[in-house]
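Enquirer: Supplied in structure tokens, the structure appears directly below.
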There are 2 protein chains.
Amino acid sequence: MTARITDVARAAGVSASTVSRALRGRPGVSDEVRDQIAAVAARLGYTASRSASSLASGRTFTIGVIAPYIGRWFFGTVLDAAEQVFSAAGYDVLLYNLGSPETRKRFFTKLPVRKRVDAVLSLLIPDEEEAAALRSLGVPLASTVGGAREGFTVVGIDDRVGAESAVRHLVNLGHRRIGMVSGASEPLHWTTPVDRRRAYLDVLADAGIAHDPALEADGDYTVEGGERAMTELLVVSRPPTAVFAQSDEMAMGALRALRRHRLKVPDDVSIVGFDDHELSDVIGLTTVAQPVAGQGAEAARLLLQQLDEPEAGTPGHVQMPIRFVLRDTTAPPAPRGPQ
Amino acid sequence: MTARITDVARAAGVSASTVSRALRGRPGVSDEVRDQIAAVAARLGYTASRSASSLASGRTFTIGVIAPYIGRWFFGTVLDAAEQVFSAAGYDVLLYNLGSPETRKRFFTKLPVRKRVDAVLSLLIPDEEEAAALRSLGVPLASTVGGAREGFTVVGIDDRVGAESAVRHLVNLGHRRIGMVSGASEPLHWTTPVDRRRAYLDVLADAGIAHDPALEADGDYTVEGGERAMTELLVVSRPPTAVFAQSDEMAMGALRALRRHRLKVPDDVSIVGFDDHELSDVIGLTTVAQPVAGQGAEAARLLLQQLDEPEAGTPGHVQMPIRFVLRDTTAPPAPRGPQ
DNA sequence: TGTTGTTGCGCAAGCGTTTGCGTTCATATT
DNA sequence: AATATGAACGCAAACGCTTGCGCAACAACA
């Protein structure tokens with residue numbers, strides 16, 4: 001059907017080995033012969049069969065990428081950036097969308113990437129057992145998103161510092177009743193919610209503000225969850241005058257809840273998010289920006305580097321810069337309110 | 001290193017062929033032996049090498065998915081849904097992100113999926129040459145997003161009908177100066193912008209409204225582009241009282257431009273979008289909803305179906321339902337304005 | 001002229017499966 | 001009792017490439 005290496009060899013009057021070496025830039029072929037083989041290969045439309053060459057060489061030139069919810073902006077953007085780096089380097093990307101617990105479990109038990117990839121990039125935090133399964137693949141591993149595991153190169157941000165700047169901004173504006181919309185850590189094993197909450201508590205304590213558990217609500221890191229959480233915060237006896245949402249999407253949900261309650265932002269309530277979602281600029285949301293695409297690209301680069309220099313030492317931990325972005329959803333508390 | 005089929009065979013006291021047949025559910029193995037082999041394989045943690053089995057069988061159990069801008073909500077959502085269908089059926093997904101012209105060209109000239117995938121799902125419209133390249137792979141092909149090619153199963157929506165309902169809504173509200181924010185068809189070869197513009201022109205003509213070219217602006221299907229386009233529309237001698245944006249993201253950009261110009265929506269200007277972006281609900285954007293995830297899932301299913309029954313006839317063309325969604329960005333024109 | 005190196009290439013043995021065909025053995029058929 | 005039938009399994013040949021090794025041929029050196 002399609003041309004095989006022996007067809008090219010015959011047409012060029014050389015052996016298959018020479019064709020193989022010539023096409024992959026290996027030494028042991030004269031320039032003259034190499035050029036001629038390239039010409040013949042092009043004429044026949046020859047491309048080496050990946051299955052055959054990876055079977056023979058043990059290399060697959062494929063990277064496995066595992067991610068939850070690739071439809072969400074954050075993961076989609078990270079994936080986009082990583083894919084570009086990989087494909088520019090000649091690697092293909094095998095994508096595994098591990099949103100639900102079932103798909104996740106299936107992936108880690110069957111481990112379909114075994115012997116199929118040269119490296120794995122994880123956009124989720126594996127638990128210890130899952131991490132062990134990945135390590136058993138014997139390939140370089142990297143992950144983005146907070147929460148390191150042994151054997152993984154990880155690139156992320158300092159969630160503590162980022163969240164601190166967000167909450168401190170609210171404190172500096174004069175807010176004393178500051179709520180938080182957060183998300184659970186458990187199912188995903190990531191440290192992000194924990195770190196951001198820690199920062200929230202620290203800043204409050206630092207400002208001499210007593211922590212009120214009634215001002216925390218779970219928003220599940222989704223828009224709808226954020227809306228629910230904000231609604232909960234509005235029905236406590238003394239509602240917050242400002243809210244730190246642990247993600248921009250939850251902040252957007254919070255904004256929606258406020259609109260439904262006919263509350264003005266930032267006049268009645270201030271909102272600050274986290275991530276700098278592509279639409280936060282459109283909405284005018286004050287937030288903490290992190291380089292989302294940048295993290296994907298950097299993680300991909302580090303992985304390729306490990307592939308190039310296998311013995312270049314242990315994997316590292318890269319912190320990407322963050323930046324507070326002041327927009328239109330934060331202001332000093334209304335003077336009429338108590339305190 | 002990891003167990004091979006011969007290891008399992010030896011441990012189970014049978015031949016490699018029997019192991020192969022047993023594990024893949026092929027006939028010719030007694031239930032007793034099959035169970036025992038399964039147990040041994042599980043104990044050894046054996047998984048067949050994909051390279052070897054696809055080399056031997058010619059099947060790869062992999063689907064190639066090509067898409068532009070996977071970081072964007074639309075494509076990310078389609079991809080997410082398609083991946084779930086594929087992986088549930090035991091197929092892996094090879095992802096190619098063809099955003100830029102260079103990556104796109106590289107993909108179609110090198111055609112890295114040759115002999116690597118059992119089918120291809122395209123989230124972009126190939127031009128005739130690219131379509132021919134894909135057909136040369138000799139595998140089932142499908143595409144989402146408007147614009148069919150010979151040999152492709154396509155699932156999409158009726159862009160004409162959808163855009164008509166959006167523009168007609170504005171006409172029904174009493175608007176006479178109706179602008180449009182559109183996008184170019186050319187680089188992507190898709191018919192969507194063309195169809196939606198056609199509908200815009202038809203509805204205007206139908207309502208006896210003269211078409212004013214000054215009320216059309218290019219928004220490039222991005223938020224920023226939408227903002228630019230809206231700004232352009234605001235500086236013409238008689239600006240529109242309502243605008244149809246060909247996508248929600250452009251509509252969001254338009255909203256932002258209006259906010260910057262201190263214009264109220266919908267009091268001063270009405271905006272209607274297209275797509276029903278996940279955040280449109282949050283923003284309150286009136287729009288035309290299309291089943292985005294649904295299209296990805298459906299296209300994936302049709303592709304799997306073609307793989308199951310190779311000779312089941314020629315590929316089809318599926319139209320998914322659309323729905324007009326009235327929210328808060330449209331209202332009758334302000335009475336004070338001219339006409 | 002003989003030795004040593006170097007370069008360019010072919011041979012053949014894998015890589016780990018799948019699968020057509022042949023063999024064995026128990027059961028059904030006459 | 002002899003033969004046909006089929007199920008269960010093993011043998012060995014692919015699948016298309018990579019790569020260690022060997023062998024010419026030729027250049028460079030003494």
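Every chain in the structure tokens takes a letter, A first, then B, and so on in the order presented; its residues are numbered from 1, and the ligands are numbered from 1 following the presented order.
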Can you write out as a tab-separated table which residues of chain C fall within 7 Å of chain B, alongside each residue's closest atom pair and its distance in Å to one decimal, counting only C-alpha atoms (C1' of nucleotides) and ordering rows by chain and ascending residue number?
Expert:
```
residue	atom	partner	partner_atom	distance
C:DG16	C1'	B:Ala52	CA	5.0
C:DT17	C1'	B:Ser53	CA	4.5
C:DT18	C1'	B:Ala56	CA	5.2
```
Enquirer: Suppose we keep N, CA and C atoms (P, O5', C5', C4', C3', O3' and C1' of nucleotides); can you now write the selection as a PDB file, in the first residue's frame?
Expert:
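Generated file (out_6.pdb):
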```pdb
ATOM      1  P    DG C  16      11.264  -6.898  23.394  1.00  0.00           P
ATOM      2  O5'  DG C  16       9.732  -7.183  23.055  1.00  0.00           O
ATOM      3  C5'  DG C  16       8.845  -6.083  22.958  1.00  0.00           C
ATOM      4  C4'  DG C  16       7.566  -6.539  22.312  1.00  0.00           C
ATOM      5  C3'  DG C  16       6.916  -7.742  22.993  1.00  0.00           C
ATOM      6  O3'  DG C  16       5.543  -7.452  23.113  1.00  0.00           O
ATOM      7  C1'  DG C  16       7.149  -8.152  20.693  1.00  0.00           C
ATOM      8  P    DT C  17       4.557  -8.347  23.959  1.00  0.00           P
ATOM      9  O5'  DT C  17       3.245  -8.238  23.076  1.00  0.00           O
ATOM     10  C5'  DT C  17       2.993  -9.223  22.108  1.00  0.00           C
ATOM     11  C4'  DT C  17       2.505  -8.569  20.850  1.00  0.00           C
ATOM     12  C3'  DT C  17       1.357  -9.321  20.232  1.00  0.00           C
ATOM     13  O3'  DT C  17       0.185  -8.538  20.294  1.00  0.00           O
ATOM     14  C1'  DT C  17       3.198  -9.112  18.688  1.00  0.00           C
ATOM     15  P    DT C  18      -1.190  -9.309  20.105  1.00  0.00           P
ATOM     16  O5'  DT C  18      -1.182  -9.732  18.554  1.00  0.00           O
ATOM     17  C5'  DT C  18      -1.358  -8.728  17.572  1.00  0.00           C
ATOM     18  C4'  DT C  18      -1.357  -9.355  16.189  1.00  0.00           C
ATOM     19  C3'  DT C  18      -2.535 -10.302  15.917  1.00  0.00           C
ATOM     20  O3'  DT C  18      -2.994 -10.003  14.607  1.00  0.00           O
ATOM     21  C1'  DT C  18      -0.507 -11.424  15.510  1.00  0.00           C
TER      22       DT C  18
END
```
Enquirer: If we count only C-alpha atoms (C1' of nucleotides), which residues of chain B reach to within 7 Å of chain D? Please list them as a PyMOL selection string.
Expert: chain B and resi 15+18+28-30+55-56
Enquirer: According to DSSP computed on the backbone, where in stretch 55-189 of chain B is there helix (DSSP H, G or I)? Give the residues as JSON, numbers by chain.
Expert: {"B": [55, 56, 57, 73, 74, 75, 76, 77, 78, 79, 80, 81, 82, 83, 84, 85, 86, 87, 88, 101, 102, 103, 104, 105, 106, 107, 108, 109, 110, 128, 129, 130, 131, 132, 133, 134, 135, 159, 160, 161, 162, 163, 164, 165, 166, 167, 168, 169, 170, 171, 172, 186, 187, 188]}
Enquirer: Do you have the atom CA of B:Arg238-atom CA of B:Gly253 distance handy?
Expert: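 Taking atom CA of B:Arg238 as the start and atom CA of B:Gly253 as the end point, the length is 20.7 Å.
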Enquirer: Distance table requested - chain B against chain A, cut-off 7 Å, only C-alpha atoms: one row per qualifying residue with the closest atom pair and its distance in Å to one decimal, ordered by chain and rising residue number, as a tab-separated table.
Expert:
```
residue	atom	partner	partner_atom	distance
B:Ser49	CA	A:Lys115	CA	6.0
B:Arg50	CA	A:Arg116	CA	6.5
B:Ser51	CA	A:Ser51	CA	4.4
B:Ala52	CA	A:Leu55	CA	5.9
B:Ser54	CA	A:Ser51	CA	6.4
B:Leu55	CA	A:Ser51	CA	5.5
B:Ile70	CA	A:Asp80	CA	5.7
B:Gly71	CA	A:Thr77	CA	4.3
B:Trp73	CA	A:Gly71	CA	6.5
B:Gly76	CA	A:Gly71	CA	4.4
B:Thr77	CA	A:Gly71	CA	4.3
B:Asp80	CA	A:Gly71	CA	5.4
B:Glu83	CA	A:Asn97	CA	6.7
B:Gln84	CA	A:Asn97	CA	6.9
B:Val93	CA	A:Leu95	CA	5.5
B:Leu94	CA	A:Leu94	CA	4.6
B:Leu95	CA	A:Val93	CA	5.5
B:Asn97	CA	A:Glu83	CA	6.7
B:Lys115	CA	A:Ser49	CA	6.0
B:Arg116	CA	A:Arg50	CA	6.5
B:Met252	CA	A:Val282	CA	6.9
B:Gly253	CA	A:Val282	CA	6.6
B:Arg256	CA	A:Val282	CA	5.6
B:Val282	CA	A:Arg256	CA	5.6
```
Enquirer: As an mmCIF file with all heavy atoms, in the first residue's frame, please: the residues near A:Ala38 (cut-off 12 Å, only C-alpha atoms (C1' of nucleotides), same-chain neighbours under 2 positions excluded).
Expert:
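As a result, part-v4.cif now contains:
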```
data_model
loop_
_atom_site.group_PDB
_atom_site.id
_atom_site.type_symbol
_atom_site.label_atom_id
_atom_site.label_comp_id
_atom_site.auth_asym_id
_atom_site.auth_seq_id
_atom_site.Cartn_x
_atom_site.Cartn_y
_atom_site.Cartn_z
ATOM 1 N N ILE A 5 10.413 0.849 3.667
ATOM 2 C CA ILE A 5 11.818 1.248 3.593
ATOM 3 C C ILE A 5 12.550 0.461 2.504
ATOM 4 O O ILE A 5 13.466 0.981 1.856
ATOM 5 C CB ILE A 5 12.509 1.073 4.962
ATOM 6 C CG1 ILE A 5 13.795 1.893 4.993
ATOM 7 C CG2 ILE A 5 12.757 -0.378 5.287
ATOM 8 C CD1 ILE A 5 14.425 1.951 6.350
ATOM 9 N N VAL A 8 12.169 2.090 -0.893
ATOM 10 C CA VAL A 8 13.077 3.220 -1.064
ATOM 11 C C VAL A 8 14.478 2.707 -1.335
ATOM 12 O O VAL A 8 15.189 3.203 -2.214
ATOM 13 C CB VAL A 8 13.070 4.108 0.201
ATOM 14 C CG1 VAL A 8 14.064 5.249 0.049
ATOM 15 C CG2 VAL A 8 11.683 4.637 0.461
ATOM 16 N N ALA A 9 14.877 1.683 -0.570
ATOM 17 C CA ALA A 9 16.219 1.133 -0.735
ATOM 18 C C ALA A 9 16.429 0.627 -2.162
ATOM 19 O O ALA A 9 17.431 0.944 -2.816
ATOM 20 C CB ALA A 9 16.428 -0.004 0.265
ATOM 21 N N ALA A 11 14.764 1.410 -4.889
ATOM 22 C CA ALA A 11 14.720 2.513 -5.855
ATOM 23 C C ALA A 11 16.000 3.338 -5.834
ATOM 24 O O ALA A 11 16.404 3.913 -6.841
ATOM 25 C CB ALA A 11 13.509 3.396 -5.566
ATOM 26 N N ALA A 12 16.629 3.390 -4.675
ATOM 27 C CA ALA A 12 17.847 4.199 -4.583
ATOM 28 C C ALA A 12 19.098 3.349 -4.810
ATOM 29 O O ALA A 12 20.217 3.866 -4.837
ATOM 30 C CB ALA A 12 17.911 4.873 -3.214
ATOM 31 N N THR A 18 21.021 1.609 5.066
ATOM 32 C CA THR A 18 21.536 2.909 4.631
ATOM 33 C C THR A 18 20.399 3.931 4.543
ATOM 34 O O THR A 18 20.553 5.086 4.922
ATOM 35 C CB THR A 18 22.235 2.770 3.275
ATOM 36 O OG1 THR A 18 23.274 1.823 3.411
ATOM 37 C CG2 THR A 18 22.814 4.090 2.826
ATOM 38 N N VAL A 19 19.269 3.485 4.071
ATOM 39 C CA VAL A 19 18.119 4.391 4.001
ATOM 40 C C VAL A 19 17.765 4.863 5.402
ATOM 41 O O VAL A 19 17.575 6.052 5.651
ATOM 42 C CB VAL A 19 16.909 3.690 3.363
ATOM 43 C CG1 VAL A 19 15.682 4.582 3.452
ATOM 44 C CG2 VAL A 19 17.207 3.330 1.930
ATOM 45 N N SER A 20 17.700 3.933 6.317
ATOM 46 C CA SER A 20 17.361 4.274 7.692
ATOM 47 C C SER A 20 18.329 5.311 8.250
ATOM 48 O O SER A 20 17.922 6.337 8.792
ATOM 49 C CB SER A 20 17.390 3.010 8.547
ATOM 50 O OG SER A 20 17.193 3.323 9.903
ATOM 51 N N ARG A 21 19.606 5.037 8.087
ATOM 52 C CA ARG A 21 20.611 5.967 8.608
ATOM 53 C C ARG A 21 20.529 7.317 7.913
ATOM 54 O O ARG A 21 20.625 8.375 8.544
ATOM 55 C CB ARG A 21 21.997 5.372 8.454
ATOM 56 C CG ARG A 21 22.297 4.298 9.489
ATOM 57 C CD ARG A 21 23.739 3.834 9.431
ATOM 58 N NE ARG A 21 23.884 2.701 8.530
ATOM 59 C CZ ARG A 21 24.079 1.445 8.947
ATOM 60 N NH1 ARG A 21 24.127 1.177 10.239
ATOM 61 N NH2 ARG A 21 24.212 0.471 8.089
ATOM 62 N N ALA A 22 20.359 7.278 6.612
ATOM 63 C CA ALA A 22 20.337 8.519 5.843
ATOM 64 C C ALA A 22 19.189 9.419 6.291
ATOM 65 O O ALA A 22 19.383 10.597 6.585
ATOM 66 C CB ALA A 22 20.200 8.203 4.359
ATOM 67 N N LEU A 23 18.014 8.823 6.382
ATOM 68 C CA LEU A 23 16.824 9.625 6.672
ATOM 69 C C LEU A 23 16.807 10.194 8.086
ATOM 70 O O LEU A 23 16.180 11.218 8.344
ATOM 71 C CB LEU A 23 15.573 8.777 6.427
ATOM 72 C CG LEU A 23 14.816 9.006 5.112
ATOM 73 C CD1 LEU A 23 15.706 9.530 4.012
ATOM 74 C CD2 LEU A 23 14.132 7.729 4.673
ATOM 75 N N ARG A 24 17.485 9.510 8.990
ATOM 76 C CA ARG A 24 17.459 10.008 10.360
ATOM 77 C C ARG A 24 18.697 10.804 10.723
ATOM 78 O O ARG A 24 18.954 11.093 11.887
ATOM 79 C CB ARG A 24 17.264 8.844 11.330
ATOM 80 C CG ARG A 24 15.851 8.251 11.207
ATOM 81 C CD ARG A 24 15.702 7.076 12.112
ATOM 82 N NE ARG A 24 16.781 6.119 11.872
ATOM 83 C CZ ARG A 24 17.538 5.604 12.825
ATOM 84 N NH1 ARG A 24 17.327 5.924 14.063
ATOM 85 N NH2 ARG A 24 18.495 4.754 12.518
ATOM 86 N N GLY A 25 19.514 11.095 9.713
ATOM 87 C CA GLY A 25 20.674 11.938 9.974
ATOM 88 C C GLY A 25 21.779 11.248 10.745
ATOM 89 O O GLY A 25 22.619 11.896 11.365
ATOM 90 N N VAL A 29 26.892 7.674 6.240
ATOM 91 C CA VAL A 29 26.344 7.782 4.896
ATOM 92 C C VAL A 29 26.977 9.004 4.235
ATOM 93 O O VAL A 29 27.062 10.066 4.856
ATOM 94 C CB VAL A 29 24.807 7.974 4.928
ATOM 95 C CG1 VAL A 29 24.239 7.971 3.517
ATOM 96 C CG2 VAL A 29 24.160 6.899 5.774
ATOM 97 N N ASP A 31 27.351 12.240 1.867
ATOM 98 C CA ASP A 31 26.368 13.287 1.573
ATOM 99 C C ASP A 31 25.659 13.023 0.254
ATOM 100 O O ASP A 31 24.454 13.239 0.123
ATOM 101 C CB ASP A 31 27.057 14.654 1.530
ATOM 102 C CG ASP A 31 27.511 15.075 2.917
ATOM 103 O OD1 ASP A 31 27.098 14.402 3.890
ATOM 104 O OD2 ASP A 31 28.269 16.040 3.026
ATOM 105 N N GLU A 32 26.436 12.556 -0.672
ATOM 106 C CA GLU A 32 25.894 12.306 -1.999
ATOM 107 C C GLU A 32 24.749 11.289 -1.932
ATOM 108 O O GLU A 32 23.635 11.533 -2.391
ATOM 109 C CB GLU A 32 27.021 11.766 -2.880
ATOM 110 C CG GLU A 32 26.683 11.597 -4.333
ATOM 111 C CD GLU A 32 27.857 10.912 -5.057
ATOM 112 O OE1 GLU A 32 28.784 10.434 -4.350
ATOM 113 O OE2 GLU A 32 27.822 10.855 -6.287
ATOM 114 N N VAL A 33 25.031 10.155 -1.322
ATOM 115 C CA VAL A 33 24.024 9.096 -1.203
ATOM 116 C C VAL A 33 22.836 9.566 -0.372
ATOM 117 O O VAL A 33 21.680 9.300 -0.689
ATOM 118 C CB VAL A 33 24.648 7.834 -0.571
ATOM 119 C CG1 VAL A 33 23.579 6.802 -0.260
ATOM 120 C CG2 VAL A 33 25.692 7.263 -1.507
ATOM 121 N N ARG A 34 23.146 10.310 0.682
ATOM 122 C CA ARG A 34 22.101 10.792 1.560
ATOM 123 C C ARG A 34 21.094 11.654 0.786
ATOM 124 O O ARG A 34 19.880 11.473 0.909
ATOM 125 C CB ARG A 34 22.710 11.599 2.710
ATOM 126 C CG ARG A 34 21.732 11.942 3.819
ATOM 127 C CD ARG A 34 22.390 12.828 4.855
ATOM 128 N NE ARG A 34 23.522 12.192 5.521
ATOM 129 C CZ ARG A 34 23.429 11.434 6.611
ATOM 130 N NH1 ARG A 34 22.247 11.202 7.133
ATOM 131 N NH2 ARG A 34 24.501 10.912 7.163
ATOM 132 N N ASP A 35 21.624 12.543 0.006
ATOM 133 C CA ASP A 35 20.747 13.426 -0.767
ATOM 134 C C ASP A 35 19.884 12.629 -1.733
ATOM 135 O O ASP A 35 18.690 12.881 -1.881
ATOM 136 C CB ASP A 35 21.566 14.453 -1.550
ATOM 137 C CG ASP A 35 22.217 15.464 -0.613
ATOM 138 O OD1 ASP A 35 21.821 15.494 0.569
ATOM 139 O OD2 ASP A 35 23.114 16.192 -1.066
ATOM 140 N N GLN A 36 20.517 11.663 -2.361
ATOM 141 C CA GLN A 36 19.767 10.889 -3.331
ATOM 142 C C GLN A 36 18.652 10.100 -2.658
ATOM 143 O O GLN A 36 17.536 10.021 -3.172
ATOM 144 C CB GLN A 36 20.729 9.934 -4.070
ATOM 145 C CG GLN A 36 20.156 9.426 -5.377
ATOM 146 C CD GLN A 36 20.355 7.932 -5.507
ATOM 147 O OE1 GLN A 36 21.264 7.370 -4.892
ATOM 148 N NE2 GLN A 36 19.505 7.289 -6.299
ATOM 149 N N VAL A 40 14.608 10.247 -3.337
ATOM 150 C CA VAL A 40 13.784 9.079 -3.649
ATOM 151 C C VAL A 40 12.638 8.945 -2.641
ATOM 152 O O VAL A 40 11.485 8.714 -3.011
ATOM 153 C CB VAL A 40 14.640 7.801 -3.647
ATOM 154 C CG1 VAL A 40 13.754 6.574 -3.753
ATOM 155 C CG2 VAL A 40 15.649 7.844 -4.789
ATOM 156 N N ALA A 41 12.979 9.133 -1.363
ATOM 157 C CA ALA A 41 11.964 9.001 -0.321
ATOM 158 C C ALA A 41 10.848 10.009 -0.537
ATOM 159 O O ALA A 41 9.666 9.690 -0.424
ATOM 160 C CB ALA A 41 12.595 9.195 1.052
ATOM 161 N N ALA A 42 11.230 11.219 -0.871
ATOM 162 C CA ALA A 42 10.233 12.252 -1.105
ATOM 163 C C ALA A 42 9.359 11.875 -2.300
ATOM 164 O O ALA A 42 8.140 12.034 -2.275
ATOM 165 C CB ALA A 42 10.913 13.594 -1.344
ATOM 166 N N ARG A 43 10.016 11.372 -3.328
ATOM 167 C CA ARG A 43 9.256 11.022 -4.521
ATOM 168 C C ARG A 43 8.243 9.934 -4.234
ATOM 169 O O ARG A 43 7.104 9.962 -4.718
ATOM 170 C CB ARG A 43 10.235 10.562 -5.622
ATOM 171 C CG ARG A 43 9.560 10.142 -6.909
ATOM 172 C CD ARG A 43 10.540 10.169 -8.074
ATOM 173 N NE ARG A 43 11.725 9.334 -7.839
ATOM 174 C CZ ARG A 43 11.759 8.016 -7.990
ATOM 175 N NH1 ARG A 43 10.668 7.365 -8.351
ATOM 176 N NH2 ARG A 43 12.884 7.345 -7.771
ATOM 177 N N LEU A 44 8.611 8.962 -3.405
ATOM 178 C CA LEU A 44 7.699 7.859 -3.089
ATOM 179 C C LEU A 44 6.739 8.206 -1.962
ATOM 180 O O LEU A 44 5.868 7.414 -1.620
ATOM 181 C CB LEU A 44 8.504 6.613 -2.707
ATOM 182 C CG LEU A 44 9.429 6.050 -3.782
ATOM 183 C CD1 LEU A 44 10.105 4.787 -3.280
ATOM 184 C CD2 LEU A 44 8.647 5.756 -5.060
ATOM 185 N N GLY A 45 6.932 9.372 -1.361
ATOM 186 C CA GLY A 45 6.057 9.737 -0.249
ATOM 187 C C GLY A 45 6.270 8.830 0.951
ATOM 188 O O GLY A 45 5.350 8.497 1.689
ATOM 189 N N TYR A 46 7.512 8.449 1.152
ATOM 190 C CA TYR A 46 7.803 7.508 2.232
ATOM 191 C C TYR A 46 7.879 8.184 3.603
ATOM 192 O O TYR A 46 8.504 9.223 3.756
ATOM 193 C CB TYR A 46 9.124 6.782 1.949
ATOM 194 C CG TYR A 46 9.622 5.986 3.126
ATOM 195 C CD1 TYR A 46 9.041 4.760 3.445
ATOM 196 C CD2 TYR A 46 10.649 6.466 3.929
ATOM 197 C CE1 TYR A 46 9.481 4.032 4.530
ATOM 198 C CE2 TYR A 46 11.100 5.738 5.009
ATOM 199 C CZ TYR A 46 10.508 4.528 5.309
ATOM 200 O OH TYR A 46 10.953 3.809 6.390
ATOM 201 N N THR A 47 7.201 7.592 4.576
ATOM 202 C CA THR A 47 7.356 7.972 5.975
ATOM 203 C C THR A 47 7.526 6.681 6.764
ATOM 204 O O THR A 47 6.761 5.740 6.575
ATOM 205 C CB THR A 47 6.106 8.693 6.510
ATOM 206 O OG1 THR A 47 5.739 9.719 5.601
ATOM 207 C CG2 THR A 47 6.380 9.283 7.873
#
```
Enquirer: Just to confirm, what's the straight-line distance from atom CA of A:Pro333 to atom CA of A:His175 in Å (one decimal)?
Expert: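 It comes out at 5.9 Å.
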Enquirer: Which residues come within 10 Å of B:Val318, counting only C-alpha atoms (C1' of nucleotides), excluding same-chain residues fewer than 3 positions away, as a list in words?
Expert: Thr144, Thr153, Val154, Val155, Gly156, Ile157, Asp158, Gln295, Glu298, Ala299, Leu302, Pro315 and Pro321 of chain B
